[in-house]
file work06.tsv (TSV, C-alpha atoms and all ligand atoms)
chain	number	residue	atom	x	y	z
O	1338	MET	CA	-5.85	23.53	15.29
O	1339	MET	CA	-7.07	21.96	12.03
O	1340	VAL	CA	-4.24	20.29	10.12
O	1341	SER	CA	-4.58	19.31	6.51
O	1342	PHE	CA	-2.75	16.53	4.78
O	1343	TYR	CA	-2.19	16.10	1.09
O	1344	ALA	CA	-0.46	13.50	-1.08
O	1345	MET	CA	1.85	14.31	-3.95
O	1346	ASN	CA	2.99	11.99	-6.70
O	1347	LEU	CA	6.77	11.73	-6.34
O	1348	ARG	CA	7.09	12.21	-10.13
O	1349	ARG	CA	6.05	15.83	-9.74
O	1350	THR	CA	9.14	16.62	-7.65
O	1351	LEU	CA	11.32	15.36	-10.54
O	1352	ASP	CA	9.47	17.07	-13.38
O	1353	LYS	CA	11.14	20.37	-14.30
O	1354	ASP	CA	7.90	21.62	-15.86
O	1355	ASP	CA	5.92	21.05	-12.66
O	1356	CYS	CA	5.55	23.75	-10.01
O	1357	ALA	CA	6.34	21.04	-7.39
O	1358	TYR	CA	9.79	20.38	-8.94
O	1359	ILE	CA	12.63	20.23	-6.43
O	1360	GLY	CA	15.05	17.86	-8.23
O	1361	GLU	CA	16.54	14.53	-7.20
O	1362	ASN	CA	19.11	15.86	-4.70
O	1363	ALA	CA	16.54	17.86	-2.74
O	1364	LEU	CA	14.13	14.92	-2.92
O	1365	SER	CA	16.75	12.51	-1.52
O	1366	HIS	CA	17.47	15.01	1.24
O	1367	LEU	CA	13.76	15.26	2.06
O	1368	ILE	CA	13.22	11.51	2.33
O	1369	GLU	CA	16.45	11.11	4.32
O	1370	GLY	CA	14.46	12.60	7.22
O	1371	PHE	CA	11.91	9.76	7.12
O	1372	SER	CA	12.16	7.15	9.85
O	1373	CYS	CA	10.13	3.99	10.40
O	1374	PRO	CA	11.84	1.82	13.06
O	1375	SER	CA	8.86	-0.55	13.52
O	1376	ASN	CA	9.14	-1.59	9.85
O	1377	PRO	CA	12.66	-1.05	8.42
O	1378	GLU	CA	11.57	-2.41	5.03
O	1379	VAL	CA	9.15	0.52	4.67
O	1380	GLU	CA	11.96	2.99	5.43
O	1381	HIS	CA	14.42	1.17	3.15
O	1382	PHE	CA	12.01	1.16	0.22
O	1383	LEU	CA	11.40	4.91	0.40
O	1384	LYS	CA	15.09	5.74	0.69
O	1385	HIS	CA	16.55	3.26	-1.77
O	1386	SER	CA	13.86	2.14	-4.26
O	1387	SER	CA	10.95	4.57	-4.48
O	1388	ILE	CA	12.57	7.01	-6.93
O	1389	GLU	CA	13.83	4.35	-9.37
O	1390	PHE	CA	10.59	2.36	-9.17
O	1391	THR	CA	8.56	5.49	-9.90
O	1392	LYS	CA	10.79	6.47	-12.83
O	1393	LYS	CA	10.43	2.97	-14.29
O	1394	ASN	CA	6.65	2.87	-13.67
O	1395	GLN	CA	6.99	-0.26	-11.51
O	1396	SER	CA	5.08	1.43	-8.73
O	1397	ILE	CA	4.24	5.03	-7.93
O	1398	THR	CA	5.11	6.57	-4.60
O	1399	TYR	CA	3.03	9.36	-3.09
O	1400	LEU	CA	4.62	11.57	-0.47
O	1401	VAL	CA	2.19	12.76	2.16
O	1402	PHE	CA	2.66	16.20	3.67
O	1403	CYS	CA	1.15	18.17	6.49
O	1404	ASN	CA	0.39	21.71	5.47
O	1405	THR	CA	1.55	24.17	8.14
O	1406	ALA	CA	1.89	27.96	8.13
O	1407	HIS	CA	5.69	27.74	7.90
O	1408	LYS	CA	6.43	24.75	5.69
O	1409	ASP	CA	5.09	21.43	4.50
O	1410	ILE	CA	6.27	18.47	6.56
O	1411	LEU	CA	6.71	14.92	5.25
O	1412	VAL	CA	4.38	12.87	7.50
O	1413	GLY	CA	4.30	9.60	5.56
O	1414	TYR	CA	4.03	7.96	2.20
O	1415	TYR	CA	2.29	5.23	0.28
O	1416	THR	CA	3.20	3.36	-2.89
O	1417	LEU	CA	0.66	2.02	-5.37
O	1418	ALA	CA	0.96	-0.44	-8.24
O	1419	ILE	CA	-1.25	-2.55	-10.47
O	1420	LYS	CA	-0.59	-6.27	-10.03
O	1421	PRO	CA	-2.39	-9.53	-10.73
O	1422	ILE	CA	-3.90	-11.40	-7.80
O	1423	SER	CA	-5.06	-14.96	-7.65
O	1424	VAL	CA	-7.85	-15.63	-5.21
O	1425	ARG	CA	-9.24	-19.06	-4.34
O	1426	ALA	CA	-13.04	-19.06	-4.48
O	1427	SER	CA	-13.11	-20.91	-1.18
O	1428	SER	CA	-11.42	-18.02	0.64
O	1429	ILE	CA	-14.06	-15.39	-0.18
O	1430	SER	CA	-17.83	-15.08	0.16
O	1431	ARG	CA	-20.22	-15.76	-2.72
O	1432	THR	CA	-20.97	-12.03	-3.04
O	1433	MET	CA	-17.24	-11.26	-3.35
O	1434	GLU	CA	-16.86	-14.15	-5.79
O	1435	ARG	CA	-19.57	-12.71	-8.05
O	1436	LYS	CA	-17.86	-9.28	-8.08
O	1437	LEU	CA	-14.44	-10.78	-8.78
O	1438	ALA	CA	-15.76	-13.07	-11.49
O	1439	ARG	CA	-16.77	-10.03	-13.58
O	1440	VAL	CA	-13.13	-8.94	-13.98
O	1441	SER	CA	-11.28	-12.26	-13.75
O	1442	THR	CA	-10.10	-15.21	-15.67
O	1443	LEU	CA	-11.07	-18.46	-14.07
O	1444	ASN	CA	-8.86	-21.47	-13.41
O	1445	PRO	CA	-9.49	-24.17	-14.30
O	1446	ASP	CA	-10.55	-22.55	-17.57
O	1447	ASP	CA	-11.19	-25.79	-19.39
O	1448	GLY	CA	-14.90	-25.87	-18.66
O	1449	THR	CA	-14.56	-28.12	-15.62
O	1450	TYR	CA	-16.36	-25.58	-13.43
O	1451	THR	CA	-17.99	-28.36	-11.51
O	1452	ALA	CA	-14.64	-28.92	-9.78
O	1453	ALA	CA	-14.79	-28.56	-6.03
O	1454	ALA	CA	-14.94	-24.89	-5.01
O	1455	TYR	CA	-11.54	-25.02	-3.37
O	1456	LEU	CA	-9.94	-25.77	-6.76
O	1457	ILE	CA	-11.39	-22.70	-8.44
O	1458	THR	CA	-9.12	-19.65	-8.58
O	1459	TYR	CA	-9.90	-16.20	-9.96
O	1460	THR	CA	-7.04	-14.15	-11.43
O	1461	ALA	CA	-7.59	-10.43	-11.84
O	1462	ALA	CA	-5.70	-7.16	-12.14
O	1463	ALA	CA	-5.88	-5.31	-8.83
O	1464	TYR	CA	-4.65	-2.17	-7.15
O	1465	LEU	CA	-1.79	-2.97	-4.78
O	1466	ILE	CA	-0.89	-0.83	-1.78
O	1467	ALA	CA	2.74	-1.89	-2.04
O	1468	GLN	CA	4.00	0.25	0.84
O	1469	ILE	CA	2.47	2.49	3.46
O	1470	GLY	CA	4.11	4.08	6.45
O	1471	LYS	CA	4.18	7.13	8.63
O	1472	ASN	CA	7.17	9.23	9.55
O	1473	PHE	CA	8.12	8.31	13.12
O	1474	ALA	CA	10.89	10.94	13.13
O	1475	LEU	CA	8.20	13.51	13.96
O	1476	PRO	CA	7.04	14.07	17.53
O	1477	LYS	CA	3.99	11.90	18.31
O	1478	SER	CA	1.65	14.91	18.38
O	1479	ASN	CA	2.61	15.82	14.78
O	1480	ARG	CA	2.22	12.36	13.27
O	1481	ILE	CA	-0.55	11.46	10.84
O	1482	LYS	CA	-2.92	8.71	11.97
O	1483	GLY	CA	-2.72	5.42	10.12
O	1484	VAL	CA	-6.40	5.68	9.09
O	1485	GLU	CA	-5.76	9.11	7.57
O	1486	LEU	CA	-2.81	7.80	5.56
O	1487	LEU	CA	-4.78	4.77	4.40
O	1488	ASP	CA	-7.71	7.00	3.50
O	1489	LEU	CA	-5.48	9.10	1.21
O	1490	ALA	CA	-4.25	5.91	-0.52
O	1491	ASN	CA	-7.81	4.63	-0.86
O	1492	ARG	CA	-9.02	7.93	-2.28
O	1493	ARG	CA	-6.25	7.84	-4.89
O	1494	ILE	CA	-7.26	4.29	-5.83
O	1495	ALA	CA	-10.91	5.38	-6.03
O	1496	ARG	CA	-9.96	8.12	-8.50
O	1497	THR	CA	-8.12	5.61	-10.68
O	1498	GLN	CA	-11.07	3.23	-10.41
O	1499	TYR	CA	-13.34	6.06	-11.65
O	1500	ASP	CA	-11.25	6.25	-14.84
O	1501	PHE	CA	-10.29	2.62	-15.43
O	1502	GLY	CA	-12.59	0.41	-13.37
O	1503	GLY	CA	-11.41	-2.54	-11.32
O	1504	VAL	CA	-13.08	-3.95	-8.23
O	1505	VAL	CA	-10.40	-4.94	-5.78
O	1506	GLU	CA	-7.37	-3.59	-3.94
O	1507	PHE	CA	-4.91	-5.67	-1.93
O	1508	LEU	CA	-1.76	-5.59	0.17
O	1509	GLU	CA	0.68	-7.97	1.74
O	1510	CYS	CA	1.72	-7.59	5.36
O	1511	GLU	CA	3.75	-9.27	8.06
O	1512	ASP	CA	1.82	-11.78	10.13
O	1513	ASN	CA	1.61	-9.58	13.20
O	1514	PRO	CA	-1.52	-8.87	15.25
O	1515	PHE	CA	-1.17	-5.08	15.11
O	1516	LEU	CA	-1.07	-4.93	11.30
O	1517	LEU	CA	-3.72	-7.62	10.79
O	1518	ASP	CA	-6.11	-5.75	13.16
O	1519	PHE	CA	-5.31	-2.39	11.57
O	1520	TYR	CA	-6.20	-3.62	8.09
O	1521	ALA	CA	-9.20	-5.71	9.23
O	1522	GLU	CA	-10.64	-2.64	11.00
O	1523	ASN	CA	-10.27	-0.80	7.70
O	1524	GLY	CA	-12.18	-3.31	5.62
O	1525	PHE	CA	-9.44	-5.70	4.44
O	1526	LYS	CA	-9.85	-9.46	4.59
O	1527	ALA	CA	-7.04	-12.02	4.60
O	1528	PHE	CA	-7.31	-14.30	1.57
O	1529	ASP	CA	-3.96	-16.09	1.28
O	1530	ARG	CA	-0.30	-16.21	2.27
O	1531	ARG	CA	2.86	-15.87	0.20
O	1532	VAL	CA	6.48	-16.75	0.95
O	1533	THR	CA	8.90	-14.03	-0.16
O	1534	LYS	CA	11.97	-14.74	-2.27
O	1535	SER	CA	15.34	-14.75	-0.56
O	1536	THR	CA	17.37	-11.55	-1.10
O	1537	ASP	CA	20.79	-10.29	0.05
O	1538	GLU	CA	19.03	-8.34	2.79
O	1539	GLU	CA	16.28	-10.78	3.85
O	1540	LYS	CA	15.61	-14.48	4.34
O	1541	PRO	CA	12.37	-15.81	2.84
O	1542	HIS	CA	9.40	-15.14	5.10
O	1543	GLU	CA	5.65	-15.44	4.95
O	1544	LEU	CA	3.34	-12.51	4.21
O	1545	VAL	CA	-0.42	-12.38	4.74
O	1546	GLN	CA	-2.31	-11.22	1.64
O	1547	MET	CA	-5.39	-9.10	2.34
O	1548	LEU	CA	-7.97	-7.70	-0.07
O	1549	ARG	CA	-10.76	-5.17	-0.03
O	1550	PHE	CA	-13.52	-4.74	-2.57
O	1551	ILE	CA	-13.88	-1.15	-3.78
F	1	LIG	C1	0.63	0.83	10.03
F	1	LIG	C2	0.48	2.28	10.45
F	1	LIG	C3	0.21	3.14	9.22
F	1	LIG	C4	-0.72	2.39	11.40
F	1	LIG	O1	-0.77	3.67	12.01
F	1	LIG	P1	-1.63	3.93	13.36
F	1	LIG	O2	-2.90	3.20	13.27
F	1	LIG	O3	-1.69	5.41	13.53
F	1	LIG	O4	-0.83	3.24	14.52
F	1	LIG	P2	0.50	3.76	15.27
F	1	LIG	O5	1.53	4.18	14.28
F	1	LIG	O6	0.12	4.73	16.33
F	1	LIG	O7	1.02	2.41	15.91
F	1	LIG	C5	0.41	1.84	17.07
F	1	LIG	C6	1.47	0.97	17.73
F	1	LIG	O8	1.84	-0.13	16.89
F	1	LIG	C7	3.25	-0.14	16.66
F	1	LIG	N1	3.54	-0.55	15.28
F	1	LIG	C8	3.52	0.22	14.16
F	1	LIG	N2	3.86	-0.48	13.09
F	1	LIG	C9	4.08	-1.73	13.53
F	1	LIG	C10	4.48	-2.91	12.86
F	1	LIG	N3	4.70	-2.93	11.54
F	1	LIG	N4	4.62	-4.01	13.61
F	1	LIG	C11	4.40	-4.00	14.95
F	1	LIG	N5	4.02	-2.89	15.63
F	1	LIG	C12	3.87	-1.78	14.92
F	1	LIG	C13	3.66	1.31	16.89
F	1	LIG	O9	5.04	1.39	17.22
F	1	LIG	C14	2.76	1.73	18.00
F	1	LIG	O10	3.27	1.29	19.25
F	1	LIG	P3	3.15	2.22	20.57
F	1	LIG	O11	1.68	2.47	20.75
F	1	LIG	O12	3.75	1.36	21.62
F	1	LIG	O13	3.92	3.46	20.25
F	1	LIG	C15	1.74	2.82	11.18
F	1	LIG	O14	1.86	2.18	12.44
F	1	LIG	C16	3.03	2.60	10.44
F	1	LIG	O15	3.39	3.42	9.60
F	1	LIG	N6	3.75	1.50	10.78
F	1	LIG	C17	5.09	1.26	10.25
F	1	LIG	C18	5.04	0.87	8.80
F	1	LIG	C19	4.26	-0.39	8.55
F	1	LIG	O16	4.38	-1.36	9.27
F	1	LIG	N7	3.44	-0.34	7.49
F	1	LIG	C20	2.62	-1.45	7.08
F	1	LIG	C21	3.29	-2.22	5.99
F	1	LIG	S1	2.24	-3.58	5.49

call {"tool": "encode", "arguments": {"input": "work06.tsv", "output": "structure tokens"}}
result
Amino acid sequence: MMVSFYAMNLRRTLDKDDCAYIGENALSHLIEGFSCPSNPEVEHFLKHSSIEFTKKNQSITYLVFCNTAHKDILVGYYTLAIKPISVRASSISRTMERKLARVSTLNPDDGTYTAAAYLITYTAAAYLIAQIGKNFALPKSNRIKGVELLDLANRRIARTQYDFGGVVEFLECEDNPFLLDFYAENGFKAFDRRVTKSTDEEKPHELVQMLRFI
């Protein structure tokens, strides 16, 4: 049987004038049923931060549903934001460098462009896939595939790119072979690493930063 998936901006469920309005209590109840044991941070973000972050425009969460005859089932979500990235010229190809240069500021910006390539850094606004995860509470046969979820996020970014431009999207993921392969197979390339800040919940740890030209 053909199943169809669709993504909905979480804002719509909180907007009384929108036909998708369900209100904050019903929304919290809906996302309570989301489970992501292989990445607790992804589950925690949806349950404890996604609504506030969306309201404050820090990042926008999209709930992904499977459309069935009886009801729509929450199969996953992704969260998008616009953030600056800094990319060392030495970590990307010349073709990528040319694309990035069109939308970047260059460091050093004092005219010393003859500096060794590894010193040159491009800083640009980019689309960030801040979170992405599928709902593991569903039976395996009803789960969305990772590529389908990523495709929905990429299509949303492409629509924003159509309106506002931009040439690059990026994400930050744990240094684990499954995730690195998943993103590499879907066109992302590692370009740097970043150590997270210490929080009450987590010790600092290293994330791999990956980008994709769009
Ligand atoms: C990343 C993701 C979208 C890819 O989906 P997919 O290609 O359909 O792959 P699957 O979900 O079938 O996962 C394949 C295997 O990798 C495991 N896996 C999933 N996320 C993992 C993670 N973050 N770290 C390690 N292993 C992971 C799964 O448990 C599964 O193991 P199994 O085959 O033994 O059951 C999906 O696995 C997911 O939502 N993961 C949890 C959230 C997450 O890590 N998001 C990325 C944040 S950067």

call {"tool": "closest_residue", "arguments": {"input": "work06.tsv", "among": "O:Gln1395, O:Ser1375, O:Gln1498, O:Ser1428", "to": "ligand LIG 1 (chain F)", "atoms": "all atoms listed in the file"}}
result
O:Ser1375

call {"tool": "closest_residue", "arguments": {"input": "work06.tsv", "among": "O:Gly1360, O:Gly1370, O:Pro1377, O:Gly1470", "to": "ligand LIG 1 (chain F)", "atoms": "all atoms listed in the file"}}
result
O:Gly1470

call {"tool": "residues_around", "arguments": {"input": "work06.tsv", "residues": "range 1466-1469 of chain O", "least_positions_apart": "5", "cutoff": "9 Å", "atoms": "all atoms listed in the file", "output": "number ranges by chain"}}
result
O: 1379, 1382-1383, 1396, 1398, 1413-1419, 1483, 1486-1487, 1490-1491, 1506-1509

call {"tool": "axis_aligned_box", "arguments": {"input": "work06.tsv", "around": "ligand LIG 1 (chain F)", "padding_each_side": "8 Å", "output": "AutoDock Vina command-line options"}}
result
--center_x 1.1 --center_y 0.7 --center_z 13.6 --size_x 24.0 --size_y 25.4 --size_z 32.1

call {"tool": "closest_residue", "arguments": {"input": "work06.tsv", "among": "O:Ile1368, O:Leu1475, O:Ala1426, O:Ala1463", "to": "ligand LIG 1 (chain F)", "atoms": "all atoms listed in the file"}}
result
O:Leu1475

call {"tool": "build_atoms", "arguments": {"input": "work06.tsv", "residues": "range 1364-1382 of chain O", "atoms": "N, CA and C atoms", "output": "mmCIF file, keeping the file's coordinate frame"}}
result
data_model
loop_
_atom_site.group_PDB
_atom_site.id
_atom_site.type_symbol
_atom_site.label_atom_id
_atom_site.label_comp_id
_atom_site.auth_asym_id
_atom_site.auth_seq_id
_atom_site.Cartn_x
_atom_site.Cartn_y
_atom_site.Cartn_z
ATOM 1 N N LEU O 1364 15.078 15.984 -3.265
ATOM 2 C CA LEU O 1364 14.130 14.920 -2.920
ATOM 3 C C LEU O 1364 14.800 13.892 -2.003
ATOM 4 N N SER O 1365 16.028 13.487 -2.357
ATOM 5 C CA SER O 1365 16.750 12.510 -1.520
ATOM 6 C C SER O 1365 16.967 13.078 -0.121
ATOM 7 N N HIS O 1366 17.266 14.358 -0.054
ATOM 8 C CA HIS O 1366 17.470 15.010 1.240
ATOM 9 C C HIS O 1366 16.175 14.985 2.052
ATOM 10 N N LEU O 1367 15.072 15.255 1.375
ATOM 11 C CA LEU O 1367 13.760 15.260 2.060
ATOM 12 C C LEU O 1367 13.437 13.894 2.634
ATOM 13 N N ILE O 1368 13.626 12.839 1.843
ATOM 14 C CA ILE O 1368 13.220 11.510 2.330
ATOM 15 C C ILE O 1368 14.264 10.931 3.298
ATOM 16 N N GLU O 1369 15.442 11.523 3.333
ATOM 17 C CA GLU O 1369 16.450 11.110 4.320
ATOM 18 C C GLU O 1369 15.904 11.305 5.745
ATOM 19 N N GLY O 1370 15.019 12.291 5.897
ATOM 20 C CA GLY O 1370 14.460 12.600 7.220
ATOM 21 C C GLY O 1370 13.324 11.681 7.637
ATOM 22 N N PHE O 1371 13.004 10.691 6.800
ATOM 23 C CA PHE O 1371 11.910 9.760 7.120
ATOM 24 C C PHE O 1371 12.450 8.606 7.952
ATOM 25 N N SER O 1372 11.720 8.262 9.005
ATOM 26 C CA SER O 1372 12.160 7.150 9.850
ATOM 27 C C SER O 1372 10.979 6.250 10.200
ATOM 28 N N CYS O 1373 11.211 4.945 10.132
ATOM 29 C CA CYS O 1373 10.130 3.990 10.400
ATOM 30 C C CYS O 1373 10.701 2.754 11.115
ATOM 31 N N PRO O 1374 11.129 2.909 12.380
ATOM 32 C CA PRO O 1374 11.840 1.820 13.060
ATOM 33 C C PRO O 1374 11.010 0.546 13.242
ATOM 34 N N SER O 1375 9.663 0.672 13.313
ATOM 35 C CA SER O 1375 8.860 -0.550 13.520
ATOM 36 C C SER O 1375 8.752 -1.376 12.233
ATOM 37 N N ASN O 1376 9.148 -0.822 11.101
ATOM 38 C CA ASN O 1376 9.140 -1.590 9.850
ATOM 39 C C ASN O 1376 10.260 -1.077 8.934
ATOM 40 N N PRO O 1377 11.511 -1.546 9.181
ATOM 41 C CA PRO O 1377 12.660 -1.050 8.420
ATOM 42 C C PRO O 1377 12.514 -1.203 6.915
ATOM 43 N N GLU O 1378 11.760 -2.204 6.473
ATOM 44 C CA GLU O 1378 11.570 -2.410 5.030
ATOM 45 C C GLU O 1378 10.848 -1.214 4.414
ATOM 46 N N VAL O 1379 9.906 -0.639 5.165
ATOM 47 C CA VAL O 1379 9.150 0.520 4.670
ATOM 48 C C VAL O 1379 10.082 1.736 4.536
ATOM 49 N N GLU O 1380 10.982 1.881 5.501
ATOM 50 C CA GLU O 1380 11.960 2.990 5.430
ATOM 51 C C GLU O 1380 12.960 2.749 4.289
ATOM 52 N N HIS O 1381 13.431 1.515 4.170
ATOM 53 C CA HIS O 1381 14.420 1.170 3.150
ATOM 54 C C HIS O 1381 13.854 1.411 1.749
ATOM 55 N N PHE O 1382 12.601 0.997 1.548
ATOM 56 C CA PHE O 1382 12.010 1.160 0.220
ATOM 57 C C PHE O 1382 11.966 2.643 -0.165
#
